[in-house]
file run.pdb (PDB, C-alpha atoms)
ATOM      1  CA  MET L  21      93.279 139.312 115.789
ATOM      2  CA  PRO L  22      90.827 137.775 113.267
ATOM      3  CA  THR L  23      90.287 134.082 113.570
ATOM      4  CA  ASP L  24      90.209 131.609 110.749
ATOM      5  CA  PRO L  25      86.742 130.850 109.341
ATOM      6  CA  PRO L  26      85.262 127.676 110.742
ATOM      7  CA  THR L  27      85.892 124.560 108.733
ATOM      8  CA  ASP L  28      83.112 122.258 107.569
ATOM      9  CA  GLU L  29      83.966 119.965 110.456
ATOM     10  CA  SER L  30      83.589 122.743 113.035
ATOM     11  CA  ARG L  31      80.272 124.048 111.738
ATOM     12  CA  PRO L  32      77.225 122.786 113.638
ATOM     13  CA  ALA L  33      75.386 120.039 111.828
ATOM     14  CA  ARG L  34      72.109 120.995 110.184
ATOM     15  CA  GLU L  35      69.043 120.252 112.194
ATOM     16  CA  ALA L  36      67.801 116.801 111.303
ATOM     17  CA  ASP L  37      64.364 116.315 109.743
ATOM     18  CA  PRO L  38      62.316 114.483 112.412
ATOM     19  CA  LEU L  39      60.112 112.712 109.851
ATOM     20  CA  ARG L  40      63.113 111.620 107.799
ATOM     21  CA  GLU L  41      64.872 110.359 110.910
ATOM     22  CA  LYS L  42      61.781 108.425 111.994
ATOM     23  CA  GLU L  43      61.457 106.821 108.581
ATOM     24  CA  LEU L  44      65.116 105.851 108.524
ATOM     25  CA  GLU L  45      64.713 104.294 111.961
ATOM     26  CA  GLN L  46      61.702 102.272 110.747
ATOM     27  CA  ILE L  47      63.710 101.131 107.743
ATOM     28  CA  ARG L  48      66.581 100.047 109.999
ATOM     29  CA  ARG L  49      64.126  98.041 112.096
ATOM     30  CA  VAL L  50      62.678  96.300 109.048
ATOM     31  CA  ARG L  51      66.155  95.478 107.775
ATOM     32  CA  ALA L  52      67.004  94.076 111.207
ATOM     33  CA  GLY L  53      64.128  91.638 110.946
ATOM     34  CA  GLU L  54      61.253  93.560 112.537
ATOM     35  CA  VAL L  55      58.908  93.060 109.604
ATOM     36  CA  ASP L  56      55.964  94.624 111.420
ATOM     37  CA  ALA L  57      57.781  97.974 111.423
ATOM     38  CA  PHE L  58      56.923  98.325 107.725
ATOM     39  CA  GLU L  59      53.295  98.815 108.752
ATOM     40  CA  TYR L  60      54.259 102.397 109.641
ATOM     41  CA  PHE L  61      54.728 103.223 105.948
ATOM     42  CA  VAL L  62      51.487 101.528 104.952
ATOM     43  CA  ARG L  63      49.505 103.482 107.563
ATOM     44  CA  THR L  64      51.212 106.745 106.650
ATOM     45  CA  TYR L  65      51.059 106.645 102.854
ATOM     46  CA  GLN L  66      48.484 104.079 101.715
ATOM     47  CA  ARG L  67      45.491 106.424 101.429
ATOM     48  CA  LYS L  68      47.453 109.181  99.710
ATOM     49  CA  LEU L  69      49.073 106.740  97.286
ATOM     50  CA  TYR L  70      45.714 105.140  96.524
ATOM     51  CA  ARG L  71      44.182 108.525  95.669
ATOM     52  CA  LEU L  72      47.049 109.277  93.300
ATOM     53  CA  VAL L  73      46.815 105.903  91.577
ATOM     54  CA  LEU L  74      43.021 106.140  91.364
ATOM     55  CA  SER L  75      43.322 109.484  89.594
ATOM     56  CA  LEU L  76      45.588 107.789  87.058
ATOM     57  CA  VAL L  77      43.779 104.511  86.386
ATOM     58  CA  ARG L  78      40.179 105.669  87.091
ATOM     59  CA  ASP L  79      39.227 102.266  88.455
ATOM     60  CA  GLY L  80      38.911 101.527  92.166
ATOM     61  CA  ALA L  81      39.769  97.835  92.018
ATOM     62  CA  GLU L  82      42.791  98.413  89.805
ATOM     63  CA  ALA L  83      43.939 101.321  91.953
ATOM     64  CA  ASP L  84      43.763  99.116  95.031
ATOM     65  CA  ASN L  85      45.756  96.389  93.286
ATOM     66  CA  VAL L  86      48.430  98.821  92.109
ATOM     67  CA  THR L  87      48.696 100.379  95.563
ATOM     68  CA  GLN L  88      49.138  97.025  97.279
ATOM     69  CA  GLU L  89      51.559  95.896  94.597
ATOM     70  CA  SER L  90      53.621  99.044  95.105
ATOM     71  CA  PHE L  91      53.986  98.442  98.834
ATOM     72  CA  VAL L  92      54.969  94.825  98.240
ATOM     73  CA  LYS L  93      57.632  95.937  95.763
ATOM     74  CA  ALA L  94      58.867  98.589  98.186
ATOM     75  CA  PHE L  95      59.106  96.059 101.004
ATOM     76  CA  ARG L  96      61.078  93.622  98.863
ATOM     77  CA  ALA L  97      63.387  96.371  97.588
ATOM     78  CA  LEU L  98      63.901  97.996 100.981
ATOM     79  CA  PRO L  99      67.388  96.499 101.441
ATOM     80  CA  ASP L 100      68.482  98.418  98.328
ATOM     81  CA  PHE L 101      66.828 101.710  99.319
ATOM     82  CA  LYS L 102      69.648 104.216  99.804
ATOM     83  CA  GLY L 103      67.543 106.917 101.426
ATOM     84  CA  GLU L 104      68.600 109.583  98.932
ATOM     85  CA  SER L 105      64.949 110.604  98.606
ATOM     86  CA  SER L 106      62.077 110.420 101.040
ATOM     87  CA  PHE L 107      60.137 107.173 101.318
ATOM     88  CA  GLU L 108      57.083 108.982  99.941
ATOM     89  CA  THR L 109      58.960 110.026  96.807
ATOM     90  CA  TRP L 110      60.309 106.509  96.396
ATOM     91  CA  ILE L 111      56.952 104.723  96.814
ATOM     92  CA  THR L 112      55.301 107.251  94.510
ATOM     93  CA  ARG L 113      57.829 106.478  91.825
ATOM     94  CA  ILE L 114      57.233 102.743  92.264
ATOM     95  CA  ALA L 115      53.470 103.270  91.899
ATOM     96  CA  ILE L 116      53.808 105.457  88.811
ATOM     97  CA  ASN L 117      56.057 102.868  87.194
ATOM     98  CA  ALA L 118      53.473 100.190  88.009
ATOM     99  CA  VAL L 119      50.724 102.247  86.371
ATOM    100  CA  ARG L 120      52.941 102.843  83.350
ATOM    101  CA  ASP L 121      53.721  99.132  83.029
ATOM    102  CA  ARG L 122      50.037  98.243  83.147
ATOM    103  CA  ALA L 123      49.275 100.878  80.513
ATOM    104  CA  ARG L 124      51.972  99.437  78.271
ATOM    105  CA  ARG L 125      50.392  96.016  78.478
ATOM    106  CA  LYS L 126      47.069  97.500  77.408
ATOM    107  CA  LYS L 127      48.222  99.718  74.550
ATOM    108  CA  PRO L 128      51.377 101.315  73.128
ATOM    109  CA  VAL L 129      52.530 104.449  74.931
ATOM    110  CA  VAL L 130      54.866 107.272  74.028
ATOM    111  CA  SER L 131      58.201 107.192  75.839
ATOM    112  CA  PHE L 132      59.323 110.102  77.971
ATOM    113  CA  SER L 133      62.132 110.892  75.550
ATOM    114  CA  ASP L 134      59.672 111.398  72.693
ATOM    115  CA  LEU L 135      58.182 114.478  74.318
ATOM    116  CA  ALA L 136      59.311 117.751  72.806
ATOM    117  CA  ALA L 137      60.618 120.601  74.901
ATOM    118  CA  ALA L 138      58.045 122.838  76.540
ATOM    119  CA  GLU L 139      56.232 125.077  74.116
ATOM    120  CA  ASP L 140      56.185 128.859  74.291
ATOM    121  CA  GLU L 141      55.033 130.073  77.671
ATOM    122  CA  GLY L 142      51.394 130.931  77.965
ATOM    123  CA  SER L 143      48.379 130.375  80.092
ATOM    124  CA  SER L 144      48.175 126.738  81.159
ATOM    125  CA  ASP L 145      45.462 127.029  83.777
ATOM    126  CA  VAL L 146      42.455 124.781  83.780
ATOM    127  CA  PRO L 147      39.219 126.811  83.510
ATOM    128  CA  ARG L 148      38.327 128.291  86.875
ATOM    129  CA  ALA L 149      34.751 127.122  86.410
ATOM    130  CA  ILE L 150      35.740 123.543  87.230
ATOM    131  CA  GLU L 151      35.932 124.358  90.933
ATOM    132  CA  PRO L 152      33.352 122.270  92.862
ATOM    133  CA  THR L 153      30.225 124.074  93.973
ATOM    134  CA  ASP L 154      29.377 124.583  97.621
ATOM    135  CA  GLY L 155      26.298 122.402  97.518
ATOM    136  CA  THR L 156      23.856 125.167  98.438
ATOM    137  CA  SER L 157      21.095 123.852  96.163
ATOM    138  CA  PRO L 158      20.108 120.666  94.288
ATOM    139  CA  GLU L 159      20.817 122.445  91.012
ATOM    140  CA  ARG L 160      24.327 123.390  92.145
ATOM    141  CA  ASP L 161      24.932 119.864  93.444
ATOM    142  CA  SER L 162      23.890 118.436  90.088
ATOM    143  CA  LEU L 163      26.155 120.864  88.267
ATOM    144  CA  SER L 164      29.029 119.967  90.569
ATOM    145  CA  ARG L 165      28.608 116.269  89.839
ATOM    146  CA  GLU L 166      28.489 116.953  86.109
ATOM    147  CA  ILE L 167      31.633 119.070  86.283
ATOM    148  CA  ARG L 168      33.498 116.375  88.236
ATOM    149  CA  ARG L 169      32.361 113.800  85.665
ATOM    150  CA  ARG L 170      33.628 115.978  82.826
ATOM    151  CA  ILE L 171      36.957 116.530  84.559
ATOM    152  CA  GLY L 172      37.330 112.781  85.101
ATOM    153  CA  GLU L 173      36.659 112.112  81.436
ATOM    154  CA  ALA L 174      39.094 114.833  80.410
ATOM    155  CA  LEU L 175      41.824 113.381  82.620
ATOM    156  CA  THR L 176      41.465 109.973  80.964
ATOM    157  CA  ALA L 177      42.312 111.619  77.637
ATOM    158  CA  LEU L 178      45.781 112.472  78.946
ATOM    159  CA  THR L 179      48.702 110.114  78.592
ATOM    160  CA  PRO L 180      49.675 108.319  81.821
ATOM    161  CA  ARG L 181      52.718 110.590  82.188
ATOM    162  CA  GLN L 182      50.729 113.775  81.663
ATOM    163  CA  ARG L 183      48.053 112.612  84.076
ATOM    164  CA  ALA L 184      50.620 111.722  86.747
ATOM    165  CA  VAL L 185      52.434 115.044  86.727
ATOM    166  CA  PHE L 186      49.202 117.045  86.454
ATOM    167  CA  VAL L 187      47.628 115.295  89.432
ATOM    168  CA  MET L 188      50.757 115.660  91.551
ATOM    169  CA  LYS L 189      51.063 119.366  90.700
ATOM    170  CA  HIS L 190      47.449 120.543  90.870
ATOM    171  CA  TYR L 191      45.849 118.052  93.263
ATOM    172  CA  GLU L 192      48.728 117.218  95.616
ATOM    173  CA  GLU L 193      50.466 120.601  95.213
ATOM    174  CA  ARG L 194      53.906 119.089  94.775
ATOM    175  CA  THR L 195      56.744 121.184  93.400
ATOM    176  CA  ILE L 196      58.321 120.620  89.999
ATOM    177  CA  ALA L 197      61.421 119.252  91.743
ATOM    178  CA  GLU L 198      59.348 116.818  93.818
ATOM    179  CA  ILE L 199      57.503 115.597  90.737
ATOM    180  CA  GLY L 200      60.801 115.140  88.928
ATOM    181  CA  ALA L 201      62.175 113.084  91.805
ATOM    182  CA  ALA L 202      59.060 110.904  91.901
ATOM    183  CA  THR L 203      58.908 110.291  88.154
ATOM    184  CA  GLY L 204      62.589 110.328  87.245
ATOM    185  CA  LEU L 205      62.049 113.175  84.782
ATOM    186  CA  ASP L 206      64.093 116.338  84.485
ATOM    187  CA  GLU L 207      62.323 119.591  85.321
ATOM    188  CA  GLY L 208      62.022 120.670  81.692
ATOM    189  CA  THR L 209      60.196 117.472  80.778
ATOM    190  CA  VAL L 210      57.906 117.798  83.797
ATOM    191  CA  LYS L 211      56.972 121.315  82.690
ATOM    192  CA  SER L 212      56.379 120.052  79.163
ATOM    193  CA  HIS L 213      53.998 117.397  80.474
ATOM    194  CA  LEU L 214      52.158 119.971  82.574
ATOM    195  CA  PHE L 215      51.797 122.385  79.676
ATOM    196  CA  ARG L 216      50.507 119.733  77.297
ATOM    197  CA  ALA L 217      48.133 118.302  79.913
ATOM    198  CA  ALA L 218      46.677 121.718  80.728
ATOM    199  CA  ARG L 219      46.242 122.514  77.038
ATOM    200  CA  LYS L 220      44.325 119.284  76.438
ATOM    201  CA  LEU L 221      42.119 119.904  79.456
ATOM    202  CA  ARG L 222      41.391 123.474  78.382
ATOM    203  CA  GLN L 223      40.314 122.239  74.967
ATOM    204  CA  ARG L 224      37.998 119.604  76.400
ATOM    205  CA  LEU L 225      36.548 121.869  79.083
ATOM    206  CA  GLU L 226      36.300 125.037  77.000
ATOM    207  CA  ASP L 227      32.517 125.188  77.344
ATOM    208  CA  LEU L 228      32.823 125.360  81.149
ATOM    209  CA  ARG L 229      34.495 128.761  81.046
TER     210      ARG L 229
END
call {"tool": "encode", "arguments": {"input": "run.pdb", "output": "structure tokens"}}
result
Amino acid sequence: MPTDPPTDESRPAREADPLREKELEQIRRVRAGEVDAFEYFVRTYQRKLYRLVLSLVRDGAEADNVTQESFVKAFRALPDFKGESSFETWITRIAINAVRDRARRKKPVVSFSDLAAAEDEGSSDVPRAIEPTDGTSPERDSLSREIRRRIGEALTALTPRQRAVFVMKHYEERTIAEIGAATGLDEGTVKSHLFRAARKLRQRLEDLR
């Protein structure tokens, strides 16, 4: 005789994510008064967050300030953190918002909602010639430094939003969904940012093809 299909309650629970569980445990400790437990997040994500911020602001001192500021904000807001996303996604979003706020104080910026939908699909790759050289000769080393300088200058021409999503996609290899979670943008807007950023970079680096 066939048996009834198992109910949701009778199905085995999905295997827990060890990293997620560890982070939740650290958060519980901090909330319980063990302030030093927050050091786990600083050790785990500080260098990666700094590299992201540095790629956005292009200034070491400012990147350091934004990174430290982001961790302070995260620590203060930890009681309100619901754990719906990973801590990394959450702290990344805090840092991006901090960069955006600093950019607003410096000059007017275009709001996310002002971006048009993604344009017709087409090639959005950065020229392959921007790949660093292998350092096999002084000439190649010099060329590599020049290429990196040109890429840095080209990145500064992007808006803060474009630069953020481009760096997360092509340097950190995050998915569109992960970028959306970190920035608060829907996937269509993320793709629009990526397309526009790649088009600007192609135009500025055309001679490197």
call {"tool": "atom_distance", "arguments": {"input": "run.pdb", "atom1": "atom CA of Gly80 of chain L", "atom2": "atom CA of Arg216 of chain L"}}
result
26.2 Å
call {"tool": "closest_atom_pairs", "arguments": {"input": "run.pdb", "of": "segment 27-114 of chain L", "to": "segment 188-207 of chain L", "cutoff": "7 Å", "atoms": "all atoms listed in the file", "output": "JSON lines"}}
result
{"residue": "L:Thr109", "atom": "CA", "partner": "L:Ala202", "partner_atom": "CA", "distance": 5.0}
{"residue": "L:Trp110", "atom": "CA", "partner": "L:Ala202", "partner_atom": "CA", "distance": 6.4}
{"residue": "L:Thr112", "atom": "CA", "partner": "L:Ala202", "partner_atom": "CA", "distance": 5.9}
{"residue": "L:Arg113", "atom": "CA", "partner": "L:Ala202", "partner_atom": "CA", "distance": 4.6}
call {"tool": "atom_distance", "arguments": {"input": "run.pdb", "atom1": "atom CA of Ala97 of chain L", "atom2": "atom CA of Glu43 of chain L"}}
result
15.3 Å
call {"tool": "atom_distance", "arguments": {"input": "run.pdb", "atom1": "atom CA of Leu44 of chain L", "atom2": "atom CA of Glu104 of chain L"}}
result
10.9 Å
call {"tool": "closest_residue", "arguments": {"input": "run.pdb", "among": "L:Ser106, L:Tyr65, L:Arg168, L:Ala81", "to": "Lys42 of chain L", "atoms": "all atoms listed in the file"}}
result
L:Ser106
call {"tool": "resolve_selection", "arguments": {"input": "run.pdb", "expression": "the PyMOL selection byres ((chain L and resi 180) around 12)", "output": "PyMOL selection string"}}
result
chain L and resi 72-78+115-124+126-132+175-179+181-187+203+213-214+217
call {"tool": "residues_around", "arguments": {"input": "run.pdb", "residues": "Arg49 of chain L", "least_positions_apart": "6", "cutoff": "12 Å", "atoms": "all atoms listed in the file", "output": "ChimeraX atom specification"}}
result
/L:42-43,55-60,98-99
